[in-house]
Each structure stands twice: as structure tokens, then as C-alpha cells.
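Have a look at the structure below, then the notes.
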Amino acid sequence: MADLQTLGPALLTLGLVAVAVVLSLYEKLDLEKDIGVAVVRSFLQLAAIGYVINFIFGLKNIGAVVLLLAGMVLFAAWTSARRAGDVPRAFLVAAVAVGAAAVATLGLLLTLRIVPATARYLIPLGGMVIGNSMNAASLTMTRIRDDVAEQRPKVEAALALGATSRQAVAPILRTALQRALIPLIDATKTTGLIFLPGAMVGMIIAGADPLEAVRLQIVVLYMLLGSVSIAAILVGTLSYRAFFTPRHQLRRAPPSTE
Amino acid sequence: MAPLKIEVSGLGYAVGGVEILKSVDAGMQGGEITAVVGPSGAGKSTLLRAINRLIEPSSGEVYLDGRPTSALDPLELRRRVGMVFQIPAVFGDSVEETVLYGVRLSGKNADPGRLLEMVGLDASLAGRDPQSLSVGQQQRVTMARTLALEPEALLLDEPTSALDEAARRRIEELVGDLNARLGLTMVFVSHDLVQVERVADRVIVLAEGRSVGAWDKEDFFSGAGERARQFIAGRL
């Protein structure tokens, strides 16, 4: 294993961060503290995960891989639930959605033998699926929460006309899912034209055949599209219920409680 | 079919530890317009929402023709007891879509032109964007949308408070007209006693989540209701 000492030259890229910090100070953007935290956290987290992955590679045990992925799902759900404060049962909803997205996509890749069942493939691909699903889950939940609060009169009017909770919330769900999925759909559409995805860039720099890099990138793109859609749709259909009672009533009092 | 009779018994509603309704007893006779009046914070809108179970009462019961509403399917209940809100919430790309929203949910259809005419709007508005209408027109559209379900009763939650005087008077006339033509039982929340005198058959007074009393309009606006009127006038 190349250990972290070889990172020395890489750390020179911190010079670029320094430029950002100087700019932030100069323009009084108040971002220098955030940038500092981001630099330190990302370094520590990446170093730690590097050692963990290395350790798990050494174990050659698929159980350890599954355990690590499960831990990542729980951490993602926790992050997402914190972002979506006020959404009842947000942790559970996010855990189910992100977990299901990971199981479905990785399961498919393994069943169809597109990737081998080894730590080298499962951990990085799983990380991508989980991270992207987590973002979609957060976006969907916060959007539904905000729109239900803002469009309360419309939701209540629909309920008063005999709509079920699902029917009354349908326009809100639609917007939330579109907002969550459109960035990825657009990125997928323009990939290769506007930007080269990170995984492909990494492989080409590491000396892989560009066509081999493309093959893997296509797998990654379709996998992400699938998993993020699954996560967002599951989060949508699970989380809206938290705002209603089983008798199709909006929870909590309307703001103008007369 | 005989007009629907609504009875409210010992109704309470609390949310977040705050008791908005403490104990409300009230009877709305079939085919009559009952006005619910009281100072703000008395629980008038909450009472309406409890009648069609847009909120779940914490105690007490609402009866329709003697049958407890807790035993009814809430969606069916809301189709039978329609509600018109203070601020009209129109949705859909066209007036027609707005008017037919509830009917289409139950897989039926209706004639949007006839419904619009019923609330005094021109049938040619059906194709318009509902957002382009005046607030008064939008309120009529929401009434047409509710009437499309052929309800037996109509709950009106200060339906004219967002409107100017002319639009307000037209809605009042429409309420009286619909009541006479369709025999609908109506519950009309208002903070305007002059309006109540024009519209209502009976008056129920609420204060701080309790029912204070009920009068025929004539009694309320003559000697018998004077103290209640002064109480409300002093608190509005």
C-alpha cells in the first residue's frame, strides 16, 4: 500500500484553497471558517476511509463489506434526517429509501455479473449510490415539508373536496421529485459534452484505457440514475404521510387558528 | 330528501396543549342558515373544520341527522358537507379544471357551465386561468367547485372577508339564493353582525372555545340578544 506520506506533493494543492481563503477575507464573504472545516474534515474522513477500505480489502470477507455499506447507509440517513428537521420519522424514511436504493442497484449489478462481488468494486460504487441517494432524500423531504407548510390552504381545500391525503399532496410530490431528480437527469444528458465524470477522470489519470473508463462510467451513470430515482420516489411516498393523519387530516393546527 | 340536520355536542379540540375548543354545543336546523359569531380566537373556524373532520375533535361528537360523524368515512362526510374557505384556493390550469376537481376525484363528471351559472358567473369563463379572475370571482369558483359535489350542507368560513363591499353583497345574495333553491343547510362564520342580520336565520355565539348561546335572528337582533351583541361588539 502506498501510505499517506506520498500525499505530500498532493497537499500542495492546498495552495489553491489558500487563494479561496484570501478571496473570502478580501471580499468579506465570511466563508473562511467553513472552508477550513471542510478542508480538515475531508482530509480526516478520506484518510480514515482509505485505511478502513484498505483494512477491508485485506480481510477478503464480503460480510465486512456489507457491514461497512450498512454503516454508510445509517450515516447517510442521519445526515439526511438532520437536514430535514421537522419531518416526522425522517431518519427511518431516509434509511429505508437509501438502503433500498443501495440494495436494488448493487444487487442488480451483482446478479447480472456486471461487477464482481469484491470490496474493490462494491465499496466505491456503494459509496456513490448512498451519497447521491442521500442528497436526493434530503432535497425531497425538505421540499415536501416547505411546500406543505406554504400550500396549506390548497391542500386543505382539496381534502375538503373529498381528496385523499395522497391526492391532495400530489402536486407537491410531483414538484419535489422533479426538483430532486432533474439535476442528475441533466448531468446525465450532458455528460461527456460539458464535463467528464470524476470516476472516469480518475481512471484515465491512473493509466486505464479510456474505453474501459467509459465502460465503467456508463455503469456508474445508469446505476446512479436508477438508485437516486428509487430513493427520491420512496422518500416522497413515505414522508408525505407524516404530515397527515390516517383520516386524511393535515397534522398541526392551521396558522390562523380562529 | 329532507335537509340535513347538524348537531354538535360537547365538542373539544386541543392542539399542542392549547384548548381551542373547550366545550361547544350547537344545533344547526336542516335547510337553515346558521351564523356562528364571536370574538376572534373564539374557535369559529375550528368548529367548522371539526364538523367536516378536517381536524379530529379531542372530545365530543358531531351528528348528521343523528348519526355520529366519527363513524363515517371522512372523505364521504366531506363530500356531503362542503366547505368554502376565507381565502379562495384555486388550483388547476383552467376554471373548468378547478370546478370539476372534486367531482373528477370520485370518477364522475358535471357540466362546468351550469355550475358557473349557478354561482352567477358566465359559463364562458370555463376556459380562463383561475388566477386571472378577481378574488370575488375566485370565491364563486370555489363555491361552484363545492356545489359540483351536490352537498347536503355547506360550511362557509368568513367567505366574504377577503372581498370588497360590492363582491361581498353579491356573495351574500348568492348564499341566500342557494339556500332557498337547494334547501342546503348552511353554517356561516362571520365577524360582521350587519352581515349576519342580512344572511342568517339563526345565530350561535362562541367565546373562548365555548358556546355561549343560540338565538333566532329576530330574537338576537331585538332585546333578547342585546347582551350577547354588546359582548361581541366590544370584543371585535
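Residue numbering restarts at 1 in every chain; chains get A, B, ... in the order shown in the C-alpha cells, and ligands count up from 1 in that same order.
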Which chain A residues are at most 10 Å from chain B (counting only C-alpha atoms), as a list in words?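 Residues passing the distance filter: Gln151, Arg152, Pro153, Lys154, Val155, Glu156, Ala157, Ala158, Leu159, Ala160, Leu161, Gly162, Ala163, Thr164, Gln167, Pro171, Thr245, Arg247, His248, Gln249, Leu250, Arg251, Arg252, Ala253, Pro254, Ser256, Thr257 and Glu258 of chain A.
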Go through segment 130-149 of chain B residue by residue and, counting only C-alpha atoms, keep those with an atom at most 12 Å from segment 161-168 of chain B; for each kept residue give the shortest atom pair and its distance in Å to one decimal, ordered by chain and increasing number, as a Markdown table.
| residue | atom | partner | partner_atom | distance |
| --- | --- | --- | --- | --- |
| B:Ser134 | CA | B:Leu163 | CA | 9.3 |
| B:Val135 | CA | B:Leu163 | CA | 6.7 |
| B:Gly136 | CA | B:Ala167 | CA | 5.6 |
| B:Gln137 | CA | B:Ala167 | CA | 8.3 |
| B:Gln138 | CA | B:Leu163 | CA | 10.4 |
| B:Gln139 | CA | B:Leu163 | CA | 8.9 |
| B:Arg140 | CA | B:Ala167 | CA | 9.9 |
Contact table segment 185-223 of chain A vs segment 119-134 of chain A, cut-off 12 Å, shortest pair per residue, only C-alpha atoms, as a tab-separated table:
residue	atom	partner	partner_atom	distance
A:Gly198	CA	A:Met128	CA	11.0
A:Ala199	CA	A:Pro124	CA	9.7
A:Leu216	CA	A:Leu125	CA	10.3
A:Gln217	CA	A:Leu125	CA	10.7
A:Val219	CA	A:Leu125	CA	9.6
A:Val220	CA	A:Leu125	CA	7.3
A:Leu221	CA	A:Val129	CA	10.0
A:Tyr222	CA	A:Val129	CA	10.6
A:Met223	CA	A:Val129	CA	7.4
What gap, in Å, lies between atom CA of Glu208 of chain B and atom CA of Val8 of chain B? 16.5 Å
Please run DSSP on the backbone and report, as a PyMOL selection string, all residues within segment 1-229 of chain B that come out as strand (DSSP E or B). chain B and resi 6-15+18-28+33-37+59-64+67-68+81-84+153-157+185-189+202-207+210-216
Enumerate, as an NGL selection string, the complete set of residues in segment 32-183 of chain B that a backbone-based DSSP assignment places in alpha helix (DSSP H). :B and (44-51 or 74-80 or 95-105 or 112-118 or 135-147 or 165-182)
Give the answer as one residue: which of B:Asp65, B:Asp111, B:Asp219, B:Glu32 has the shortest atom-to-atom distance to Leu178 of chain B, using only C-alpha atoms?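 Distance minimum relative to Leu178 of chain B lands on B:Glu32.
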Within 10 Å of Val96 of chain A using only C-alpha atoms, minus same-chain residues under 3 positions, as a PyMOL selection string: chain A and resi 73-74+77+90-93+99-102+231+234-235+238
